[in-house]
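upload-v1.txt, holding compact mmCIF, C-alpha atoms:
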# COMPACT_ATOMS: atom_id res chain seq x y z
CA MET A 1181 -5.88 6.55 23.61
CA LEU A 1182 -6.20 8.79 20.50
CA GLN A 1183 -4.37 11.44 22.51
CA ASP A 1184 -1.27 9.21 22.46
CA VAL A 1185 -1.13 9.07 18.65
CA VAL A 1186 -2.56 12.39 17.43
CA GLY A 1187 0.93 13.82 16.84
CA MET A 1188 1.91 10.93 14.55
CA ALA A 1189 -1.46 11.15 12.82
CA ALA A 1190 -0.95 14.86 12.14
CA VAL A 1191 2.53 14.26 10.70
CA SER A 1192 1.16 11.35 8.60
CA VAL A 1193 -1.51 13.61 7.11
CA LEU A 1194 1.17 16.21 6.25
CA ALA A 1195 3.31 13.44 4.72
CA VAL A 1196 0.42 12.42 2.45
CA LEU A 1197 -0.12 16.05 1.43
CA GLU A 1198 3.57 16.31 0.56
CA GLN A 1199 3.39 13.14 -1.55
CA ALA A 1200 0.36 14.63 -3.35
CA TYR A 1201 2.42 17.74 -4.11
CA PHE A 1202 5.28 15.61 -5.51
CA SER A 1203 2.81 13.65 -7.67
CA PHE A 1204 1.46 16.88 -9.16
CA GLN A 1205 5.03 17.96 -9.99
CA VAL A 1206 5.52 14.72 -11.97
CA ILE A 1207 2.22 15.31 -13.82
CA TYR A 1208 3.35 18.85 -14.74
CA ALA A 1209 6.77 17.53 -15.82
CA ARG A 1210 5.12 14.86 -18.00
CA ARG A 1211 3.22 17.64 -19.80
CA LYS A 1212 6.18 20.00 -20.03
CA TYR A 1213 8.56 17.38 -21.48
CA SER A 1214 5.84 15.51 -23.43
CA VAL A 1215 6.38 12.15 -21.72
CA SER A 1216 3.09 10.23 -21.98
CA PRO A 1217 2.31 7.30 -19.68
CA PRO A 1218 3.17 4.42 -19.56
CA SER A 1219 6.62 5.66 -20.67
CA THR A 1220 8.96 6.92 -17.95
CA ALA A 1221 11.87 7.65 -20.31
CA GLY A 1222 12.59 11.28 -21.15
CA PRO A 1223 15.16 14.08 -20.93
CA PRO A 1224 17.33 14.24 -17.76
CA GLU A 1225 15.16 17.12 -16.43
CA PHE A 1226 12.11 14.84 -16.45
CA GLN A 1227 14.10 11.84 -15.20
CA ARG A 1228 15.28 13.76 -12.14
CA ILE A 1229 11.77 14.87 -11.14
CA TYR A 1230 10.44 11.37 -11.78
CA ARG A 1231 13.19 9.73 -9.72
CA ALA A 1232 12.84 12.29 -6.91
CA GLN A 1233 9.15 11.43 -6.58
CA ALA A 1234 9.80 7.67 -6.89
CA ASN A 1235 12.47 7.84 -4.17
CA CYS A 1236 10.18 9.78 -1.79
CA SER A 1237 7.35 7.29 -2.46
CA GLU A 1238 9.68 4.39 -1.75
CA TYR A 1239 10.67 5.83 1.62
CA PHE A 1240 7.13 6.88 2.57
CA PRO A 1241 6.07 3.53 4.17
CA ILE A 1242 9.42 3.21 5.94
CA PHE A 1243 9.04 6.71 7.34
CA ILE A 1244 5.44 6.04 8.49
CA THR A 1245 6.55 2.79 10.16
CA VAL A 1246 9.40 4.31 12.19
CA LEU A 1247 7.36 7.43 12.96
CA TRP A 1248 4.59 5.37 14.60
CA THR A 1249 6.75 2.76 16.37
CA SER A 1250 8.99 5.51 17.69
CA GLY A 1251 5.95 7.57 18.77
CA LEU A 1252 4.22 4.62 20.42
CA PHE A 1253 7.24 3.14 22.21
CA PHE A 1254 9.57 6.09 22.74
CA SER A 1255 8.08 9.60 22.71
CA GLN A 1256 5.20 11.13 20.80
CA GLY A 1257 6.63 14.66 20.97
CA LEU A 1258 10.17 13.85 19.81
CA SER A 1259 8.90 11.54 17.05
CA SER A 1260 6.48 14.13 15.69
CA LEU A 1261 9.24 16.74 15.72
CA CYS A 1262 11.60 14.41 13.83
CA GLY A 1263 8.72 13.66 11.46
CA LEU A 1264 8.35 17.34 10.63
CA LEU A 1265 12.12 17.68 10.09
CA TYR A 1266 12.05 14.66 7.77
CA LEU A 1267 9.21 16.13 5.69
CA TYR A 1268 11.07 19.43 5.43
CA GLY A 1269 14.23 17.56 4.36
CA ARG A 1270 12.25 15.69 1.71
CA PHE A 1271 10.87 18.96 0.37
CA LEU A 1272 14.41 20.37 0.00
CA TYR A 1273 15.52 17.07 -1.57
CA PHE A 1274 12.75 17.20 -4.17
CA ARG A 1275 13.51 20.83 -5.05
CA GLY A 1276 17.26 20.19 -5.15
CA TYR A 1277 16.96 17.04 -7.32
CA SER A 1278 14.63 18.90 -9.74
CA GLN A 1279 17.46 21.36 -10.35
CA SER A 1280 20.45 18.98 -10.52
CA ALA A 1281 21.53 15.48 -9.51
CA GLN A 1282 24.15 17.11 -7.28
CA GLY A 1283 21.52 19.29 -5.57
CA ARG A 1284 19.77 16.29 -4.05
CA LEU A 1285 22.73 15.19 -1.92
CA THR A 1286 22.76 17.55 1.10
CA PRO A 1287 19.00 17.26 1.87
CA LEU A 1288 19.14 13.51 1.14
CA TYR A 1289 21.81 13.03 3.81
CA PHE A 1290 19.80 15.20 6.18
CA SER A 1291 16.58 13.17 5.66
CA ALA A 1292 18.51 9.93 6.00
CA ARG A 1293 20.00 11.11 9.30
CA VAL A 1294 16.54 12.02 10.67
CA LEU A 1295 15.28 8.59 9.59
CA TRP A 1296 18.15 6.95 11.50
CA VAL A 1297 17.26 8.97 14.60
CA LEU A 1298 13.64 7.76 14.35
CA LEU A 1299 14.88 4.21 13.83
CA GLY A 1300 17.13 4.59 16.90
CA PHE A 1301 14.20 5.86 18.99
CA SER A 1302 12.06 2.94 17.77
CA SER A 1303 14.73 0.37 18.54
CA LEU A 1304 15.36 1.77 22.03
CA GLY A 1305 11.66 2.04 22.81
CA VAL A 1306 10.77 -1.43 21.53
CA LEU A 1307 13.78 -3.04 23.21
CA SER A 1308 12.99 -1.41 26.54
CA SER A 1309 9.34 -2.53 26.24
CA LEU A 1310 10.37 -6.10 25.40
CA CYS A 1311 12.62 -6.15 28.50
CA ARG A 1312 9.84 -4.76 30.69
CA PHE A 1313 7.11 -7.10 29.39
CA TYR A 1314 9.04 -10.35 29.02
CA LEU A 1315 12.05 -10.07 31.35
CA ASP A 1316 10.34 -7.89 33.95
CA LEU A 1317 13.37 -5.64 33.68
CA ASP A 1318 13.31 -1.84 33.58
CA LEU A 1319 16.15 -1.19 31.15
CA VAL A 1320 16.51 2.55 31.88
CA GLN A 1321 16.37 2.00 35.65
CA HIS A 1322 18.82 -0.89 35.31
CA LEU A 1323 21.34 1.18 33.32
CA LEU A 1324 21.05 4.03 35.81
CA SER A 1325 21.69 1.74 38.78
CA VAL A 1326 24.67 0.11 37.05
CA LEU A 1327 26.09 3.58 36.38
CA SER A 1328 25.52 4.75 39.94
CA LEU A 1329 27.24 1.63 41.35
CA GLU A 1330 30.27 2.39 39.25
CA VAL A 1331 30.47 5.98 40.50
CA MET B 1014 -2.11 -2.03 25.25
CA LEU B 1015 1.50 -1.65 24.00
CA GLN B 1016 2.08 -5.19 25.27
CA ASP B 1017 -0.34 -6.41 22.57
CA VAL B 1018 1.68 -4.93 19.72
CA VAL B 1019 5.33 -4.99 20.87
CA GLY B 1020 6.01 -8.16 18.83
CA MET B 1021 4.83 -6.56 15.59
CA ALA B 1022 6.72 -3.37 16.45
CA ALA B 1023 9.95 -5.34 16.96
CA VAL B 1024 9.53 -7.14 13.61
CA SER B 1025 8.73 -3.80 11.92
CA VAL B 1026 11.96 -2.28 13.24
CA LEU B 1027 13.90 -5.28 11.92
CA ALA B 1028 12.12 -4.92 8.56
CA VAL B 1029 13.23 -1.29 8.32
CA LEU B 1030 16.81 -2.28 9.19
CA GLU B 1031 16.71 -4.89 6.42
CA GLN B 1032 15.45 -2.31 3.91
CA ALA B 1033 18.30 -0.01 4.97
CA TYR B 1034 20.75 -2.84 4.29
CA PHE B 1035 19.25 -3.40 0.81
CA SER B 1036 19.46 0.34 0.05
CA PHE B 1037 23.15 0.36 0.94
CA GLN B 1038 23.71 -2.58 -1.44
CA VAL B 1039 22.18 -0.54 -4.27
CA ILE B 1040 24.41 2.42 -3.42
CA TYR B 1041 27.50 0.16 -3.51
CA ALA B 1042 26.30 -1.37 -6.82
CA ARG B 1043 25.81 2.11 -8.32
CA ARG B 1044 29.44 2.91 -7.46
CA LYS B 1045 30.81 -0.46 -8.60
CA TYR B 1046 29.05 -0.41 -11.98
CA SER B 1047 29.26 3.41 -12.39
CA VAL B 1048 25.52 4.00 -12.68
CA SER B 1049 24.85 7.58 -11.55
CA PRO B 1050 21.39 8.70 -10.46
CA PRO B 1051 18.86 9.47 -11.93
CA SER B 1052 19.72 6.64 -14.37
CA THR B 1053 18.65 3.13 -13.39
CA ALA B 1054 19.95 1.48 -16.59
CA GLY B 1055 23.13 -0.55 -16.33
CA PRO B 1056 24.68 -4.02 -16.73
CA PRO B 1057 22.52 -7.05 -15.71
CA GLU B 1058 24.50 -7.36 -12.44
CA PHE B 1059 23.39 -3.87 -11.43
CA GLN B 1060 19.86 -4.40 -12.78
CA ARG B 1061 19.38 -7.48 -10.63
CA ILE B 1062 20.44 -5.76 -7.39
CA TYR B 1063 18.34 -2.72 -8.28
CA ARG B 1064 15.25 -4.84 -9.05
CA ALA B 1065 15.76 -6.98 -5.92
CA GLN B 1066 15.69 -3.86 -3.75
CA ALA B 1067 12.74 -2.37 -5.69
CA ASN B 1068 10.76 -5.59 -5.28
CA CYS B 1069 11.44 -5.75 -1.52
CA SER B 1070 10.45 -2.07 -1.19
CA GLU B 1071 7.23 -2.70 -3.09
CA TYR B 1072 6.24 -5.52 -0.75
CA PHE B 1073 7.33 -3.72 2.42
CA PRO B 1074 3.99 -1.87 3.05
CA ILE B 1075 1.98 -5.00 2.18
CA PHE B 1076 4.05 -7.00 4.65
CA ILE B 1077 3.64 -4.38 7.39
CA THR B 1078 -0.13 -4.27 6.79
CA VAL B 1079 -0.71 -8.03 7.07
CA LEU B 1080 1.78 -8.34 9.94
CA TRP B 1081 -0.18 -5.85 12.05
CA THR B 1082 -3.74 -6.92 11.11
CA SER B 1083 -2.77 -10.53 11.69
CA GLY B 1084 -1.11 -9.68 15.00
CA LEU B 1085 -4.02 -7.53 16.21
CA PHE B 1086 -6.86 -9.82 15.15
CA PHE B 1087 -5.32 -13.30 15.17
CA SER B 1088 -2.20 -13.91 17.26
CA GLN B 1089 0.73 -11.69 18.16
CA GLY B 1090 3.11 -14.62 18.66
CA LEU B 1091 2.36 -16.46 15.40
CA SER B 1092 2.38 -13.23 13.39
CA SER B 1093 5.73 -12.11 14.78
CA LEU B 1094 7.18 -15.53 14.04
CA CYS B 1095 5.90 -15.43 10.44
CA GLY B 1096 7.27 -11.90 10.22
CA LEU B 1097 10.76 -13.12 11.14
CA LEU B 1098 10.50 -15.96 8.59
CA TYR B 1099 9.44 -13.46 5.91
CA LEU B 1100 12.40 -11.18 6.64
CA TYR B 1101 14.78 -14.16 6.50
CA GLY B 1102 13.21 -15.23 3.16
CA ARG B 1103 13.66 -11.70 1.81
CA PHE B 1104 17.33 -11.73 2.83
CA LEU B 1105 17.88 -15.01 0.92
CA TYR B 1106 15.91 -13.58 -2.03
CA PHE B 1107 18.11 -10.49 -2.18
CA ARG B 1108 21.32 -12.51 -2.00
CA GLY B 1109 20.03 -15.02 -4.56
CA TYR B 1110 18.87 -12.36 -7.03
CA SER B 1111 22.22 -10.52 -6.72
CA GLN B 1112 23.90 -13.68 -8.00
CA SER B 1113 21.48 -14.72 -10.75
CA ALA B 1114 17.88 -14.20 -11.90
CA GLN B 1115 17.33 -17.92 -11.30
CA GLY B 1116 18.65 -17.66 -7.74
CA ARG B 1117 15.79 -15.43 -6.65
CA LEU B 1118 13.06 -18.01 -7.27
CA THR B 1119 13.22 -20.43 -4.32
CA PRO B 1120 13.36 -17.73 -1.60
CA LEU B 1121 10.76 -15.66 -3.52
CA TYR B 1122 8.28 -18.53 -3.38
CA PHE B 1123 9.09 -19.03 0.30
CA SER B 1124 8.49 -15.35 1.16
CA ALA B 1125 5.29 -15.35 -0.90
CA ARG B 1126 4.02 -18.39 0.98
CA VAL B 1127 4.72 -16.76 4.37
CA LEU B 1128 2.89 -13.65 3.15
CA TRP B 1129 -0.11 -15.80 2.21
CA VAL B 1130 -0.09 -17.36 5.68
CA LEU B 1131 -0.11 -13.88 7.27
CA LEU B 1132 -2.91 -12.86 4.90
CA GLY B 1133 -4.85 -16.01 5.88
CA PHE B 1134 -4.38 -15.23 9.59
CA SER B 1135 -5.52 -11.64 8.98
CA SER B 1136 -8.61 -12.72 7.03
CA LEU B 1137 -9.61 -15.30 9.66
CA GLY B 1138 -9.03 -12.91 12.54
CA VAL B 1139 -10.86 -9.99 10.95
CA LEU B 1140 -13.76 -12.17 9.76
CA SER B 1141 -14.19 -13.71 13.20
CA SER B 1142 -14.09 -10.22 14.81
CA LEU B 1143 -16.69 -8.90 12.33
CA CYS B 1144 -18.98 -11.85 13.19
CA ARG B 1145 -18.48 -11.27 16.92
CA PHE B 1146 -19.01 -7.50 16.81
CA TYR B 1147 -21.82 -7.20 14.26
CA LEU B 1148 -23.59 -10.59 14.22
CA ASP B 1149 -22.96 -11.40 17.88
CA LEU B 1150 -21.68 -14.75 16.64
CA ASP B 1151 -18.59 -16.55 17.92
CA LEU B 1152 -17.33 -18.07 14.68
CA VAL B 1153 -14.87 -20.50 16.28
CA GLN B 1154 -17.42 -21.63 18.89
CA HIS B 1155 -20.07 -21.94 16.16
CA LEU B 1156 -17.85 -24.08 13.92
CA LEU B 1157 -16.92 -26.31 16.87
CA SER B 1158 -20.58 -26.85 17.83
CA VAL B 1159 -21.54 -27.61 14.21
CA LEU B 1160 -18.72 -30.16 14.07
CA SER B 1161 -19.68 -31.77 17.38
CA LEU B 1162 -23.31 -32.08 16.23
CA GLU B 1163 -22.17 -33.91 13.14
CA VAL B 1164 -20.08 -36.33 15.13
CA MET C 1401 -10.66 -1.29 21.15
CA LEU C 1402 -10.43 -3.75 18.20
CA GLN C 1403 -14.08 -2.93 17.54
CA ASP C 1404 -13.00 0.63 16.62
CA VAL C 1405 -10.63 -0.54 13.89
CA VAL C 1406 -12.12 -3.77 12.49
CA GLY C 1407 -13.63 -1.90 9.52
CA MET C 1408 -10.26 -0.47 8.46
CA ALA C 1409 -8.63 -3.87 9.07
CA ALA C 1410 -11.19 -5.57 6.77
CA VAL C 1411 -10.61 -3.00 4.01
CA SER C 1412 -6.82 -3.37 4.46
CA VAL C 1413 -7.07 -7.14 3.99
CA LEU C 1414 -9.13 -6.61 0.81
CA ALA C 1415 -6.55 -4.07 -0.39
CA VAL C 1416 -3.76 -6.64 0.04
CA LEU C 1417 -5.82 -9.24 -1.85
CA GLU C 1418 -6.30 -6.74 -4.68
CA GLN C 1419 -2.55 -6.05 -4.80
CA ALA C 1420 -1.95 -9.82 -4.97
CA TYR C 1421 -4.33 -10.01 -7.93
CA PHE C 1422 -2.46 -7.18 -9.72
CA SER C 1423 0.88 -8.90 -9.07
CA PHE C 1424 -0.42 -12.10 -10.66
CA GLN C 1425 -1.51 -10.10 -13.72
CA VAL C 1426 2.05 -8.79 -14.11
CA ILE C 1427 3.44 -12.33 -13.81
CA TYR C 1428 1.02 -13.54 -16.54
CA ALA C 1429 1.95 -10.53 -18.71
CA ARG C 1430 5.66 -11.28 -18.27
CA ARG C 1431 5.02 -14.81 -19.58
CA LYS C 1432 2.70 -13.72 -22.39
CA TYR C 1433 5.06 -11.04 -23.73
CA SER C 1434 8.26 -12.94 -22.82
CA VAL C 1435 9.71 -10.25 -20.55
CA SER C 1436 12.05 -11.98 -18.10
CA PRO C 1437 13.09 -10.34 -14.84
CA PRO C 1438 15.06 -8.17 -14.11
CA SER C 1439 14.03 -6.44 -17.37
CA THR C 1440 10.92 -4.26 -17.24
CA ALA C 1441 11.15 -3.14 -20.88
CA GLY C 1442 8.71 -4.67 -23.35
CA PRO C 1443 5.86 -3.98 -25.76
CA PRO C 1444 3.35 -1.22 -24.80
CA GLU C 1445 0.80 -3.90 -23.75
CA PHE C 1446 3.24 -5.18 -21.12
CA GLN C 1447 4.36 -1.67 -20.15
CA ARG C 1448 0.77 -0.62 -19.41
CA ILE C 1449 0.08 -3.60 -17.13
CA TYR C 1450 3.46 -3.14 -15.43
CA ARG C 1451 2.88 0.59 -14.87
CA ALA C 1452 -0.71 -0.01 -13.68
CA GLN C 1453 0.55 -2.37 -10.99
CA ALA C 1454 3.47 -0.08 -10.09
CA ASN C 1455 1.11 2.89 -9.73
CA CYS C 1456 -1.29 0.93 -7.49
CA SER C 1457 1.64 -0.29 -5.37
CA GLU C 1458 2.93 3.26 -5.02
CA TYR C 1459 -0.42 4.50 -3.74
CA PHE C 1460 -1.04 1.49 -1.48
CA PRO C 1461 0.79 2.87 1.63
CA ILE C 1462 -0.75 6.32 1.11
CA PHE C 1463 -4.19 4.75 0.92
CA ILE C 1464 -3.61 2.64 4.06
CA THR C 1465 -2.34 5.72 5.94
CA VAL C 1466 -5.36 7.94 5.16
CA LEU C 1467 -7.79 5.02 5.62
CA TRP C 1468 -6.59 4.44 9.19
CA THR C 1469 -6.11 8.06 10.28
CA SER C 1470 -9.53 8.92 8.85
CA GLY C 1471 -11.10 5.86 10.53
CA LEU C 1472 -9.45 6.54 13.88
CA PHE C 1473 -10.04 10.31 14.04
CA PHE C 1474 -13.13 10.86 11.90
CA SER C 1475 -15.49 7.92 11.32
CA GLN C 1476 -14.89 4.19 10.98
CA GLY C 1477 -18.01 3.64 8.86
CA LEU C 1478 -17.45 6.44 6.34
CA SER C 1479 -13.75 5.62 6.02
CA SER C 1480 -14.38 1.93 5.39
CA LEU C 1481 -17.00 2.82 2.77
CA CYS C 1482 -14.58 5.20 1.02
CA GLY C 1483 -11.96 2.47 1.26
CA LEU C 1484 -14.21 0.04 -0.60
CA LEU C 1485 -14.94 2.68 -3.27
CA TYR C 1486 -11.22 3.32 -3.68
CA LEU C 1487 -10.48 -0.39 -4.14
CA TYR C 1488 -13.26 -0.66 -6.72
CA GLY C 1489 -11.87 2.40 -8.54
CA ARG C 1490 -8.40 0.85 -8.55
CA PHE C 1491 -9.80 -2.36 -10.02
CA LEU C 1492 -11.44 -0.38 -12.88
CA TYR C 1493 -8.19 1.59 -13.32
CA PHE C 1494 -6.12 -1.57 -13.65
CA ARG C 1495 -8.55 -3.09 -16.17
CA GLY C 1496 -8.79 0.18 -18.12
CA TYR C 1497 -5.02 0.73 -18.24
CA SER C 1498 -4.46 -2.88 -19.38
CA GLN C 1499 -6.60 -2.07 -22.43
CA SER C 1500 -5.33 1.42 -23.30
CA ALA C 1501 -3.47 4.37 -21.77
CA GLN C 1502 -6.65 6.42 -22.33
CA GLY C 1503 -8.77 3.83 -20.47
CA ARG C 1504 -7.00 4.49 -17.20
CA LEU C 1505 -8.08 8.12 -16.90
CA THR C 1506 -11.74 8.02 -15.72
CA PRO C 1507 -11.17 5.46 -12.91
CA LEU C 1508 -7.88 7.19 -12.01
CA TYR C 1509 -9.68 10.49 -11.43
CA PHE C 1510 -12.36 8.63 -9.45
CA SER C 1511 -9.79 6.91 -7.18
CA ALA C 1512 -7.92 10.19 -6.73
CA ARG C 1513 -11.13 11.93 -5.69
CA VAL C 1514 -11.91 9.21 -3.10
CA LEU C 1515 -8.36 9.55 -1.77
CA TRP C 1516 -8.87 13.32 -1.39
CA VAL C 1517 -12.09 12.67 0.53
CA LEU C 1518 -10.23 10.31 2.89
CA LEU C 1519 -7.47 12.90 3.24
CA GLY C 1520 -10.10 15.56 4.01
CA PHE C 1521 -11.70 13.33 6.67
CA SER C 1522 -8.26 12.66 8.18
CA SER C 1523 -7.34 16.35 8.25
CA LEU C 1524 -10.65 17.36 9.83
CA GLY C 1525 -10.52 14.56 12.38
CA VAL C 1526 -6.90 15.14 13.37
CA LEU C 1527 -7.33 18.93 13.50
CA SER C 1528 -10.40 18.65 15.69
CA SER C 1529 -8.59 16.21 18.00
CA LEU C 1530 -5.57 18.52 18.23
CA CYS C 1531 -7.89 21.40 19.20
CA ARG C 1532 -9.68 19.27 21.79
CA PHE C 1533 -6.51 17.83 23.36
CA TYR C 1534 -4.21 20.87 23.31
CA LEU C 1535 -6.50 23.93 23.16
CA ASP C 1536 -9.36 22.37 25.12
CA LEU C 1537 -11.59 23.56 22.29
CA ASP C 1538 -14.43 21.56 20.73
CA LEU C 1539 -14.06 22.65 17.09
CA VAL C 1540 -17.45 21.32 15.93
CA GLN C 1541 -19.28 22.81 18.92
CA HIS C 1542 -17.39 26.07 18.43
CA LEU C 1543 -18.32 26.31 14.74
CA LEU C 1544 -21.96 25.52 15.52
CA SER C 1545 -22.13 28.21 18.22
CA VAL C 1546 -20.48 30.79 15.93
CA LEU C 1547 -23.04 29.94 13.25
CA SER C 1548 -25.98 30.16 15.64
CA LEU C 1549 -24.79 33.56 16.89
CA GLU C 1550 -24.76 34.83 13.33
CA VAL C 1551 -28.29 33.63 12.66
Just dump the structure as structure tokens.
Amino acid sequence: MLQDVVGMAAVSVLAVLEQAYFSFQVIYARRKYSVSPPSTAGPPEFQRIYRAQANCSEYFPIFITVLWTSGLFFSQGLSSLCGLLYLYGRFLYFRGYSQSAQGRLTPLYFSARVLWVLLGFSSLGVLSSLCRFYLDLDLVQHLLSVLSLEV
Amino acid sequence: MLQDVVGMAAVSVLAVLEQAYFSFQVIYARRKYSVSPPSTAGPPEFQRIYRAQANCSEYFPIFITVLWTSGLFFSQGLSSLCGLLYLYGRFLYFRGYSQSAQGRLTPLYFSARVLWVLLGFSSLGVLSSLCRFYLDLDLVQHLLSVLSLEV
Amino acid sequence: MLQDVVGMAAVSVLAVLEQAYFSFQVIYARRKYSVSPPSTAGPPEFQRIYRAQANCSEYFPIFITVLWTSGLFFSQGLSSLCGLLYLYGRFLYFRGYSQSAQGRLTPLYFSARVLWVLLGFSSLGVLSSLCRFYLDLDLVQHLLSVLSLEV
């Protein structure tokens, strides 16, 4: 059973490591720009790093949720691959946002697109499982047979 | 095994879709009220939408956690149903908060109550499993026999 | 199968209860210092309580992720124990931060260290599973045999 989820677990561990890296960047930025907790107000340079980390944190649970549902109900391999792409996109986003507000856009759109793919996989997988379990209907088989009848 | 969790997976996918919808509302509000990232300061109309989304994001992982523990250890059907109610409550909360700070209260209390129900289910389910696994005690059976002795 | 995860489920339920407690503290602080939503600006006393809760919320999904991956792939008992220590550390952190910005530091470092331990367990467990499943290599056995050859 663990064999079916080890890919998602590995990506989850990497995702936590990435979040730890972002957190350290905020700590360094707090020191550099002399912004002491609990304040989160500071120069735009600090604000951008702070917001970049906050945005990644906000999306972390959403990412973990779609990664695992997609991996469980659709495909472990594809989901883990998308997971790695998402983490890479988030790294570029963080670096881009640290430099300028404009610099965050391209990697943000990329990460968002990967998240939509994972959400699509999850939806397809869950829907097809619901059909199989509760309607006794094999969705993929059904679509294929409909298509072949039309040919 | 997937059959035991497909209900929670379906609700989780819907929850992610709802969060995506809230995020889009913040993006529209940023444009409408000309609040460019990284700033989050703006007129009260923007502040309310921004805070509504932030609050829903904050509760998202808590919701997912109780949804799944409750579904695994108590009842998949009841947990999924509560999950749908919670998501509906959150939708009303977001719409209410967008209109006025007062408008968020009724659906907020409703969502909170559903969350408490899921937390209650989780606690009961986990406690009864702990008793069964480690004390070799069937909590439900035990309570029933105590009650029947008292009758 | 539920027997393999009941420890993590119990800690997760406690973690949600703790978050509920922190949320109530913010609600009381909002009343005490007259900070009405959607505003989050207020006196330093309010700011500290607000930031303490926000910080705990931010780490909640990360904690849940490493708790479960560590429990699934390394050891349920050790992970649940670390989970309890983390929750205790977070409680001390919240109380310390409520009193002074300085007071948050010792328990914050403690919680962070427990989180690193859980992350270490997760990494080891997942890595060893990856080796076993995909390289047909028992990492622990392999290390032991290398060590015994060197002796």
### Query
Of the residues A:Gln1279, A:Ser1255, A:Ser1216, A:Gln1233, which is the one nearest to Glu1198 of chain A, using all atoms listed in the file?
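The closest residue to Glu1198 of chain A is A:Gln1233.
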### Message
Neighbouring residues of segment 1210-1215 of chain A were defined as those with any atom within 10 Å, considering only C-alpha atoms; residues of the same chain fewer than 6 positions away were excluded. Please report them as a VMD selection string.
### Response
chain A and resid 1204 1221 to 1223 1225 to 1227 1229 to 1230
### Distance filter 7 Å, all atoms listed in the file, chain C against chain B, as a list of chain:residue names
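Here is what falls inside 7 Å: C:Gln1403, C:Val1406, C:Ala1409, C:Ala1410, C:Val1413, C:Val1416, C:Pro1437, C:Pro1438, C:Ser1457, C:Pro1461.
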### Message
Set the distance at 7 Å and use all atoms listed in the file: which residues neighbour segment 1098-1103 of chain B once local chain neighbours fewer than 6 positions away are removed? I'd like the list as a PyMOL selection string.
### Response
chain B and resi 1028+1120+1123-1124+1127
#### Entry: Length of the atom CA of Ser1259 of chain A to atom CA of Gly1187 of chain A vector [Å]
8.3 Å
### Message
Env of Val1320 of chain A: 10 Å cut, atoms = all atoms listed in the file, seq-sep filter 6 positions within chain, self excluded. Answer as JSON, numbers by chain.
### Response
{"A": [1304, 1308, 1312, 1326]}
### Query
To one decimal place, how far is atom CA of Leu1298 of chain A from atom CA of Gln1089 of chain B in Å?
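Atom-to-atom, atom CA of Leu1298 of chain A to atom CA of Gln1089 of chain B, that is 23.7 Å.
What separates atom CA of Val1405 of chain C from atom CA of Tyr1493 of chain C is a distance of 27.4 Å.
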